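Engineer: Quick one: this structure, given as structure tokens, is what I'll be asking you about.
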Amino acid sequence: MKRRTLLTTLAAPILLPGLARAQEAWPNRAVTLVVPWAPGGSNDVTARLLAPALSAKFGQNFVIENRAGGGGSLGQGLVVRARPDGHTLLFSSASNHVFHSLVAPDLGYDVREALAGIAMLTDVPNVLAVNSSLGVASVAELIAKLRATPGGLAFGSSGTASSNHLAGELFRIMTNTELTHVPYRGGGPVATDLTAGVIPMAFMNLPTVLGPAASGRVRIIGVCTETRVRFRQDIPTVAEQGVPGYSVRSWAGLFAPRATPRPIVERLGAEMKNILEQPGISGRLTDIASEPIWMDPARTDAFVREEFARWAPVVKAARVTVE
């Protein structure tokens, strides 16, 4: 026993510096930041805003890789199966992380166990928008039009079981109207078709629809938050326009494979707070209608579990299934 204790004591000073050097070596090559949605949506825009700041901080390129499909599960699964060395990260959203996971239990993993939270980043308001040619300027007018239209109308979303899809289904249930869901592979394609009039209405993340709304071809008629958005007080909530209690929120956060070394996770989480507080970043996020809501790794994991508990009964009531 004494000999083993002595050997362990002697070895410790040799092993610990080696471990420290291994931790300090991260990142030693480019880091892939997987966005599980098509280019052009709010998550993609935010990730591309943050990537240069991460590259500057860590001295390696943080490269955006869009992997759309499966309601965000394609890109999410790629990160779940990636080598847990901190060089493959997931820029995740409520849509793929919570909503799609609730309706696709055959993913082969529990996202709460498979992915470690690094930081919660932004709160992204969902909105109800229509093509201007539809001729409605308020939620009340839209409800009236839906009830006067046999079969109702089609609405677009960023994907099956996305927060925008759930926003539409909840709206349908609470207003007792008919809606047909048209899923896309991200908010960018939704914005394109809504602007062109291919679909008459959509539930979208606010940052994604600001450009089309500025063109005049799309009209934002309500935000899906409980109260009006701080930086867009001119847009009334859906709830205050005759649908009391209606509320759907989205968010974005950074995640890594669960076995990623904790020092890397903690370091990234702390640096994300610093990056979000940079005036150039926080100001730009406000410009694109995203609210910084940084949370540390432990709180991010807890928040995800709270979201699962909150939305499971809503998903069941809405009878959302993977199409």
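Starting from 1 in every chain, residues are counted up; chains themselves are A, B, ... following the order of the structure tokens, and ligands are numbered from 1 as listed.
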Select from region 79-175 of chain A everything DSSP, run on the backbone, classes as helix (DSSP H, G or I), then give the selection as JSON, numbers by chain.

Structural biologist: {"A": [79, 80, 94, 95, 96, 97, 98, 99, 100, 101, 102, 103, 105, 106, 107, 111, 112, 113, 114, 132, 133, 134, 139, 140, 141, 142, 143, 144, 145, 146, 147, 148, 163, 164, 165, 166, 167, 168, 169, 170, 171, 172, 173, 174, 175]}

Engineer: As a list in words, please: the residues near Ala312 (chain A) (cut-off 10 Å, only C-alpha atoms, same-chain neighbours under 2 positions excluded).

Structural biologist: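 Answer for this query is Val98, Phe99, Ser101, Leu102, Val103, Glu307, Phe308, Ala309, Arg310, Val314, Val315, Lys316 and Ala317 of chain A.
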
Engineer: List the spatial neighbours of Arg83 (chain A) as number ranges by chain - criterion: any atom at most 12 Å away, only C-alpha atoms, same-chain residues fewer than 6 positions off excluded.

Structural biologist: A: 31-32, 89, 256-261

Engineer: Quick one: of A:Asn43, A:Thr237, A:Ser133, A:Thr122, who's nearest to Leu90 (chain A), counting only C-alpha atoms?

Structural biologist: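 Between A:Asn43, A:Thr237, A:Ser133, A:Thr122, the residue approaching Leu90 (chain A) most closely is A:Asn43.
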
Engineer: Would you please work out which residue, of A:Val139, A:Val209, A:Val320, A:Ala47, is nearest to Val63 (chain A) when using only C-alpha atoms?

Structural biologist: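 Closest candidate: A:Ala47.
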
Engineer: List as an MDAnalysis selection string the protein and nucleic acid residues near Gly41 (chain A), meaning an atom at most 12 Å away when only C-alpha atoms are counted, but skip any in the same chain fewer than 3 places from it.

Structural biologist: chainID A and resid 35:38 44:48 66 68 93 124 157:159 184:192 204:211 252 288

Engineer: Here is a test: counting only C-alpha atoms, which residue of A:Gly108, A:Ile64, A:Ile264, A:Ala318 is nearest to Leu170 (chain A)?

Structural biologist: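 Under the stated criterion, the closest residue is A:Ala318.
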
Engineer: Considering only C-alpha atoms, state which residue in the set A:Phe58, A:Phe171, A:Trp251, A:Trp311 is at the smallest distance from Pro292 (chain A).

Structural biologist: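 Once distances to Pro292 (chain A) are computed over only C-alpha atoms, the minimum belongs to A:Trp251.
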
Engineer: What's the separation between CA of Val136 (chain A) and CA of Thr286 (chain A), in Å to one decimal place?

Structural biologist: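 Value for the CA of Val136 (chain A)-CA of Thr286 (chain A) distance: 27.7 Å.
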
Engineer: Which residues are close to region 304-306 of chain A, i.e. within 12 Å by only C-alpha atoms, leaving aside same-chain residues fewer than 5 positions away? Reply as a PDB file with C-alpha atoms, in the first residue's frame.

Structural biologist:
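Dumped to result.pdb:
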ATOM      1  CA  SER A  92     -29.900  24.606 -31.146  1.00  0.00           C
ATOM      2  CA  SER A  93     -33.424  25.999 -30.874  1.00  0.00           C
ATOM      3  CA  ALA A  94     -36.617  25.228 -29.006  1.00  0.00           C
ATOM      4  CA  SER A  95     -38.003  23.768 -32.232  1.00  0.00           C
ATOM      5  CA  ASN A  96     -35.573  20.898 -32.725  1.00  0.00           C
ATOM      6  CA  HIS A  97     -34.392  20.541 -29.134  1.00  0.00           C
ATOM      7  CA  VAL A  98     -37.778  20.321 -27.406  1.00  0.00           C
ATOM      8  CA  PHE A  99     -40.769  20.317 -29.737  1.00  0.00           C
ATOM      9  CA  SER A 101     -38.007  15.623 -29.650  1.00  0.00           C
ATOM     10  CA  LEU A 102     -41.442  15.403 -28.012  1.00  0.00           C
ATOM     11  CA  ASP A 110     -32.841  11.430 -25.199  1.00  0.00           C
ATOM     12  CA  VAL A 111     -31.640  14.924 -26.106  1.00  0.00           C
ATOM     13  CA  ARG A 112     -31.616  15.861 -22.410  1.00  0.00           C
ATOM     14  CA  GLU A 113     -28.974  13.190 -21.773  1.00  0.00           C
ATOM     15  CA  LEU A 115     -26.349  16.908 -25.276  1.00  0.00           C
ATOM     16  CA  ALA A 116     -24.759  19.130 -22.647  1.00  0.00           C
ATOM     17  CA  GLY A 117     -25.875  22.717 -22.345  1.00  0.00           C
ATOM     18  CA  ILE A 118     -23.116  25.271 -22.864  1.00  0.00           C
ATOM     19  CA  ALA A 119     -25.175  28.461 -22.749  1.00  0.00           C
ATOM     20  CA  MET A 120     -28.645  29.744 -23.410  1.00  0.00           C
ATOM     21  CA  SER A 250     -38.663  30.286 -29.048  1.00  0.00           C
ATOM     22  CA  TRP A 251     -35.023  30.401 -28.011  1.00  0.00           C
ATOM     23  CA  ALA A 252     -31.536  29.558 -29.177  1.00  0.00           C
ATOM     24  CA  GLY A 253     -28.696  27.971 -27.247  1.00  0.00           C
ATOM     25  CA  LEU A 254     -25.304  26.329 -27.650  1.00  0.00           C
ATOM     26  CA  PHE A 255     -24.820  22.618 -26.920  1.00  0.00           C
ATOM     27  CA  MET A 295     -27.557  31.109 -18.867  1.00  0.00           C
ATOM     28  CA  PRO A 297     -24.177  25.366 -18.513  1.00  0.00           C
ATOM     29  CA  ALA A 298     -25.966  24.032 -15.413  1.00  0.00           C
ATOM     30  CA  ARG A 299     -28.861  26.466 -15.748  1.00  0.00           C
ATOM     31  CA  TRP A 311     -44.650  21.641 -23.534  1.00  0.00           C
ATOM     32  CA  ALA A 312     -45.316  17.884 -23.313  1.00  0.00           C
TER      33      ALA A 312
END

Engineer: Quick check for you: according to DSSP on this backbone, which residues of region 133-317 of chain A are classed as strand (DSSP E)? Reply as a PyMOL selection string.

Structural biologist: chain A and resi 153-157+179-183+201-205+218-223+249-257+291-295

Engineer: Which residues are near region 239-246 of chain A? Cut-off 12 Å, only C-alpha atoms, ignore same chain within fewer than 5 positions. Put them as a ChimeraX atom specification.

Structural biologist: /A:126-128,137-144,166-176,221-228,314
